[in-house]
>>> print(open('upload_19.csv').read())   # CSV, C-alpha atoms
chain,number,residue,atom,x,y,z
L,473,MET,CA,-2.4,4.7,22.3
L,474,LYS,CA,0.4,4.7,19.7
L,475,ARG,CA,1.0,1.7,17.4
L,476,LEU,CA,4.0,-0.4,18.2
L,477,SER,CA,5.4,0.5,14.8
L,478,GLU,CA,5.2,4.2,15.7
L,479,GLU,CA,6.9,3.6,19.1
L,480,PHE,CA,9.5,1.5,17.4
L,481,ASP,CA,10.3,4.4,14.9
L,482,ALA,CA,10.4,7.0,17.7
L,483,CYS,CA,12.8,4.8,19.7
L,484,LEU,CA,14.9,4.2,16.6
L,485,GLY,CA,15.3,7.9,16.0
L,486,LYS,CA,15.8,9.8,12.7
L,487,THR,CA,19.5,9.3,12.2
L,488,ALA,CA,19.9,5.5,12.9
L,489,ALA,CA,18.3,3.7,10.0
L,490,LEU,CA,18.1,0.0,10.0
L,491,PRO,CA,19.6,-2.1,7.2
L,492,GLY,CA,16.3,-3.2,5.7
L,493,THR,CA,12.9,-2.3,4.5
L,494,LYS,CA,10.0,-1.9,7.0
L,495,ILE,CA,6.7,-3.4,5.9
L,496,ASP,CA,3.3,-3.2,7.7
L,497,CYS,CA,1.8,-6.7,7.4
L,498,LEU,CA,-1.3,-6.6,9.7
L,499,ILE,CA,-0.5,-10.1,11.1
L,500,PHE,CA,2.6,-12.3,11.0
L,501,ALA,CA,1.6,-16.0,11.5
L,502,ASP,CA,4.8,-17.2,13.3
L,503,LEU,CA,4.0,-14.8,16.2
L,504,TYR,CA,0.9,-16.7,17.4
L,505,TRP,CA,2.5,-19.8,18.7
L,506,ASP,CA,-0.1,-20.3,21.5
L,507,GLY,CA,-3.0,-19.9,19.1
L,508,ALA,CA,-4.4,-16.7,17.7
L,509,PRO,CA,-6.5,-14.6,20.2
L,510,ARG,CA,-10.2,-14.4,19.3
L,511,ASP,CA,-9.9,-10.7,18.6
L,512,LEU,CA,-6.6,-10.9,16.6
L,513,LEU,CA,-8.0,-9.1,13.5
L,514,LEU,CA,-9.4,-6.3,15.7
L,515,GLN,CA,-6.1,-6.0,17.6
L,516,ALA,CA,-4.2,-6.1,14.3
L,517,GLN,CA,-6.3,-3.3,12.8
L,518,ASN,CA,-5.6,-1.1,15.8
L,519,ASP,CA,-1.9,-2.1,16.1
L,520,PRO,CA,-0.7,-4.1,13.1
L,521,ALA,CA,2.4,-6.4,13.0
L,522,PHE,CA,5.3,-5.2,10.9
L,523,GLU,CA,8.3,-6.9,9.3
L,524,ILE,CA,11.8,-5.5,8.5
L,525,ARG,CA,13.5,-7.3,5.6
L,526,GLY,CA,17.3,-7.1,5.4
L,527,ASP,CA,19.4,-8.6,2.6
L,528,THR,CA,19.3,-12.2,4.0
L,529,ARG,CA,17.5,-11.8,7.3
L,530,ALA,CA,14.2,-10.6,8.5
L,531,VAL,CA,12.5,-9.6,11.8
L,532,ALA,CA,8.8,-9.2,12.7
L,533,PHE,CA,7.1,-7.7,15.7
L,534,HIS,CA,3.5,-7.6,16.9
L,535,ARG,CA,2.1,-6.3,20.2
L,536,LEU,CA,-0.5,-8.6,21.7
L,537,GLY,CA,-1.8,-7.2,25.0
L,538,ALA,CA,1.3,-6.3,27.0
L,539,GLU,CA,3.6,-8.6,25.1
L,540,ILE,CA,5.9,-7.5,22.2
L,541,ARG,CA,6.3,-10.7,20.2
L,542,TYR,CA,9.1,-11.1,17.7
L,543,TRP,CA,10.4,-13.5,15.1
L,544,CYS,CA,14.0,-13.3,13.7
L,545,GLY,CA,15.2,-15.6,11.0
L,546,PRO,CA,16.4,-16.1,7.4
L,547,ARG,CA,14.4,-14.7,4.5
L,548,GLY,CA,13.0,-17.6,2.6
L,549,ASP,CA,13.3,-15.9,-0.7
L,550,VAL,CA,17.1,-15.4,-0.8
L,551,PRO,CA,20.1,-17.6,-0.1
L,552,ALA,CA,21.6,-17.4,3.3
L,553,ALA,CA,24.8,-15.4,3.5
L,554,GLY,CA,26.4,-17.7,6.1
L,555,PRO,CA,25.8,-20.3,8.8
L,556,SER,CA,24.4,-17.9,11.4
L,557,ASP,CA,21.7,-16.9,8.9
L,558,ALA,CA,20.2,-20.4,9.1
L,559,HIS,CA,19.0,-20.0,12.7
L,560,TRP,CA,15.7,-18.5,13.8
L,561,GLU,CA,14.1,-17.5,17.1
L,562,ARG,CA,10.8,-16.3,18.3
L,563,GLY,CA,9.7,-14.9,21.7
L,564,THR,CA,8.9,-11.7,23.5
L,565,ALA,CA,11.0,-8.5,23.7
L,566,HIS,CA,11.0,-7.0,27.2
L,567,SER,CA,10.5,-3.4,25.8
L,568,VAL,CA,10.3,-1.3,22.7
L,569,LYS,CA,14.0,-0.4,23.3
L,570,ASP,CA,14.9,-4.0,23.4
L,571,ALA,CA,12.9,-4.7,20.1
L,572,VAL,CA,14.9,-1.9,18.4
L,573,LEU,CA,18.2,-3.3,19.7
L,574,LEU,CA,17.3,-6.8,18.6
L,575,ALA,CA,16.4,-5.6,15.1
L,576,ARG,CA,19.5,-3.4,14.8
L,577,GLU,CA,21.9,-6.2,15.9
L,578,TYR,CA,20.3,-9.1,14.1
L,579,LEU,CA,19.8,-7.2,10.8
L,580,GLY,CA,23.4,-5.9,11.2
L,581,GLY,CA,24.7,-9.5,11.0
L,582,ARG,CA,25.2,-10.5,14.7
L,583,PRO,CA,24.4,-14.1,15.6
L,584,LEU,CA,21.3,-14.5,17.7
L,585,LEU,CA,23.3,-16.0,20.7
L,586,ASP,CA,25.4,-12.8,20.8
L,587,ILE,CA,22.6,-10.3,20.8
L,588,LYS,CA,22.3,-8.3,24.1
L,589,ALA,CA,18.7,-7.2,23.8
L,590,LYS,CA,16.6,-8.3,26.7
L,591,ARG,CA,14.1,-10.9,25.5
L,592,SER,CA,12.5,-14.2,26.4
L,593,PRO,CA,12.9,-16.7,23.5
L,594,TRP,CA,10.0,-19.1,23.3
L,595,GLN,CA,11.5,-21.2,20.6
L,596,ALA,CA,14.7,-21.2,18.6
L,597,GLU,CA,16.5,-23.4,16.0
>>> encode(input="upload_19.csv", output="structure tokens")
Amino acid sequence: MKRLSEEFDACLGKTAALPGTKIDCLIFADLYWDGAPRDLLLQAQNDPAFEIRGDTRAVAFHRLGAEIRYWCGPRGDVPAAGPSDAHWERGTAHSVKDAVLLAREYLGGRPLLDIKAKRSPWQAE
């Protein structure tokens, strides 16, 4: 089975780079809102989480079982560029294609409420 990161890159394609830097991060704590599964580290070794850091925003993804969990929000290490950068959201993307669309639109500056990617937000602020 391919890693989510590899499926994400294949769906993104070679010519459509995202405005940000992709970082493998094994786990991303904000994605385990219902508690970490017992075998989280084993799952993460086989299919690690990854983060994409833009200029003022970041997104993170991790596949847990059949779910593609995501977090979108402001980077904590740089000042927000505008009011829409202050909001964050976490939930599940409906597909890899939706994860790519979410990342592309969010890192491209679109407000979370205007993003068309199919997803089920679990929590937002």
>>> atom_distance(input="upload_19.csv", atom1="CA of Ile499 (chain L)", atom2="CA of Leu514 (chain L)")
10.7 Å
>>> atom_distance(input="upload_19.csv", atom1="CA of Gly537 (chain L)", atom2="CA of Glu523 (chain L)")
18.7 Å
>>> closest_atom_pairs(input="upload_19.csv", of="region 508-551 of chain L", to="region 562-586 of chain L", cutoff="6 Å", atoms="all atoms listed in the file", output="Markdown table")
| residue | atom | partner | partner_atom | distance |
| --- | --- | --- | --- | --- |
| L:Gly526 | CA | L:Leu579 | CA | 6.0 |
| L:Ile540 | CA | L:Thr564 | CA | 5.3 |
| L:Arg541 | CA | L:Thr564 | CA | 4.3 |
| L:Tyr542 | CA | L:Arg562 | CA | 5.5 |
| L:Trp543 | CA | L:Arg562 | CA | 4.3 |
>>> write_last_selection(input="upload_19.csv", atoms="C-alpha atoms", output="PDB file, in the coordinates of the input")
ATOM      1  CA  GLY L 526      17.300  -7.100   5.400  1.00  0.00           C
ATOM      2  CA  ILE L 540       5.900  -7.500  22.200  1.00  0.00           C
ATOM      3  CA  ARG L 541       6.300 -10.700  20.200  1.00  0.00           C
ATOM      4  CA  TYR L 542       9.100 -11.100  17.700  1.00  0.00           C
ATOM      5  CA  TRP L 543      10.400 -13.500  15.100  1.00  0.00           C
TER       6      TRP L 543
END
>>> closest_residue(input="upload_19.csv", among="L:Asp496, L:Lys590, L:Trp560, L:Phe533", to="Gly545 (chain L)", atoms="only C-alpha atoms")
L:Trp560
>>> closest_residue(input="upload_19.csv", among="L:Ala508, L:Ile587, L:Leu490, L:Ala516", to="Leu476 (chain L)", atoms="all atoms listed in the file")
L:Ala516
>>> residues_near_point(input="upload_19.csv", point="(0.6, -9.8, 10.6)", cutoff="7 Å", atoms="all atoms listed in the file", output="JSON, numbers by chain")
{"L": [497, 498, 499, 500, 501, 520, 521, 522]}
>>> closest_residue(input="upload_19.csv", among="L:Val531, L:Leu536, L:Ala589, L:Val550", to="Leu513 (chain L)", atoms="all atoms listed in the file")
L:Leu536
>>> closest_residue(input="upload_19.csv", among="L:Arg525, L:Lys588, L:His534, L:His559", to="Ile495 (chain L)", atoms="all atoms listed in the file")
L:Arg525
>>> closest_residue(input="upload_19.csv", among="L:Arg475, L:Glu561, L:Tyr504, L:Thr493", to="Asn518 (chain L)", atoms="only C-alpha atoms")
L:Arg475
>>> atom_distance(input="upload_19.csv", atom1="CA of Ile524 (chain L)", atom2="CA of Gly492 (chain L)")
5.8 Å
>>> closest_residue(input="upload_19.csv", among="L:Asp511, L:Ala596, L:Asp519, L:Ala488", to="Lys474 (chain L)", atoms="all atoms listed in the file")
L:Asp519
>>> decode(input="upload_19.csv", residues="region 494-530 of chain L", atoms="N, CA and C atoms", output="compact mmCIF listing (two decimals), in the first residue's frame")
# COMPACT_ATOMS: atom_id res chain seq x y z
N LYS L 494 6.80 20.86 2.05
CA LYS L 494 6.24 19.63 2.60
C LYS L 494 7.26 18.98 3.53
N ILE L 495 6.77 18.60 4.72
CA ILE L 495 7.64 18.02 5.74
C ILE L 495 6.99 16.75 6.29
N ASP L 496 7.68 15.62 6.22
CA ASP L 496 7.20 14.41 6.88
C ASP L 496 7.41 14.60 8.37
N CYS L 497 6.38 14.28 9.16
CA CYS L 497 6.51 14.55 10.60
C CYS L 497 6.08 13.38 11.48
N LEU L 498 5.97 12.18 10.94
CA LEU L 498 5.59 10.96 11.65
C LEU L 498 4.20 11.08 12.25
N ILE L 499 4.02 11.95 13.26
CA ILE L 499 2.69 12.19 13.82
C ILE L 499 2.46 13.70 13.90
N PHE L 500 1.19 14.10 13.97
CA PHE L 500 0.82 15.52 14.11
C PHE L 500 -0.30 15.53 15.15
N ALA L 501 0.02 15.95 16.37
CA ALA L 501 -0.84 15.74 17.54
C ALA L 501 -2.28 16.26 17.37
N ASP L 502 -2.51 17.34 16.66
CA ASP L 502 -3.85 17.89 16.51
C ASP L 502 -4.79 16.99 15.71
N LEU L 503 -4.29 15.93 15.11
CA LEU L 503 -5.12 15.05 14.30
C LEU L 503 -5.73 13.90 15.10
N TYR L 504 -5.43 13.79 16.37
CA TYR L 504 -5.91 12.65 17.16
C TYR L 504 -6.89 13.13 18.22
N TRP L 505 -7.94 13.82 17.77
CA TRP L 505 -8.89 14.46 18.66
C TRP L 505 -9.71 13.47 19.49
N ASP L 506 -9.81 12.24 19.04
CA ASP L 506 -10.58 11.24 19.79
C ASP L 506 -9.66 10.29 20.55
N GLY L 507 -8.44 10.71 20.76
CA GLY L 507 -7.44 9.87 21.43
C GLY L 507 -6.61 9.14 20.40
N ALA L 508 -5.38 8.93 20.72
CA ALA L 508 -4.47 8.24 19.80
C ALA L 508 -4.77 6.75 19.82
N PRO L 509 -4.83 6.12 18.64
CA PRO L 509 -5.02 4.66 18.63
C PRO L 509 -3.83 3.97 19.27
N ARG L 510 -4.08 2.80 19.82
CA ARG L 510 -3.01 2.06 20.51
C ARG L 510 -1.79 1.84 19.61
N ASP L 511 -2.04 1.60 18.34
CA ASP L 511 -0.94 1.30 17.43
C ASP L 511 -0.53 2.51 16.59
N LEU L 512 -0.71 3.72 17.14
CA LEU L 512 -0.41 4.94 16.40
C LEU L 512 1.01 4.96 15.86
N LEU L 513 1.98 4.64 16.69
CA LEU L 513 3.38 4.70 16.22
C LEU L 513 3.64 3.68 15.12
N LEU L 514 3.04 2.51 15.21
CA LEU L 514 3.19 1.51 14.16
C LEU L 514 2.55 2.01 12.86
N GLN L 515 1.32 2.56 12.96
CA GLN L 515 0.67 3.12 11.77
C GLN L 515 1.51 4.25 11.18
N ALA L 516 2.04 5.09 12.05
CA ALA L 516 2.82 6.26 11.59
C ALA L 516 4.13 5.83 10.93
N GLN L 517 4.73 4.76 11.38
CA GLN L 517 5.95 4.28 10.74
C GLN L 517 5.66 3.78 9.33
N ASN L 518 4.49 3.18 9.13
CA ASN L 518 4.11 2.66 7.82
C ASN L 518 3.53 3.73 6.91
N ASP L 519 2.86 4.71 7.49
CA ASP L 519 2.19 5.76 6.71
C ASP L 519 2.21 7.05 7.55
N PRO L 520 3.34 7.77 7.56
CA PRO L 520 3.49 8.93 8.46
C PRO L 520 2.63 10.12 8.07
N ALA L 521 2.38 10.96 9.06
CA ALA L 521 1.72 12.23 8.83
C ALA L 521 2.68 13.15 8.07
N PHE L 522 2.13 14.18 7.45
CA PHE L 522 2.98 15.20 6.82
C PHE L 522 2.31 16.55 6.94
N GLU L 523 3.13 17.57 6.92
CA GLU L 523 2.69 18.95 7.04
C GLU L 523 3.19 19.71 5.82
N ILE L 524 2.40 20.69 5.39
CA ILE L 524 2.85 21.60 4.33
C ILE L 524 2.77 23.00 4.92
N ARG L 525 3.92 23.67 5.00
CA ARG L 525 3.99 25.00 5.58
C ARG L 525 4.08 26.05 4.49
N GLY L 526 3.06 26.91 4.44
CA GLY L 526 3.09 28.06 3.55
C GLY L 526 3.69 29.25 4.26
N ASP L 527 3.54 30.43 3.68
CA ASP L 527 4.11 31.64 4.28
C ASP L 527 3.51 31.95 5.65
N THR L 528 2.18 31.89 5.77
CA THR L 528 1.52 32.20 7.04
C THR L 528 0.57 31.11 7.50
N ARG L 529 0.32 30.11 6.65
CA ARG L 529 -0.62 29.04 6.94
C ARG L 529 0.05 27.68 6.80
N ALA L 530 -0.57 26.68 7.43
CA ALA L 530 -0.05 25.31 7.30
C ALA L 530 -1.22 24.33 7.23
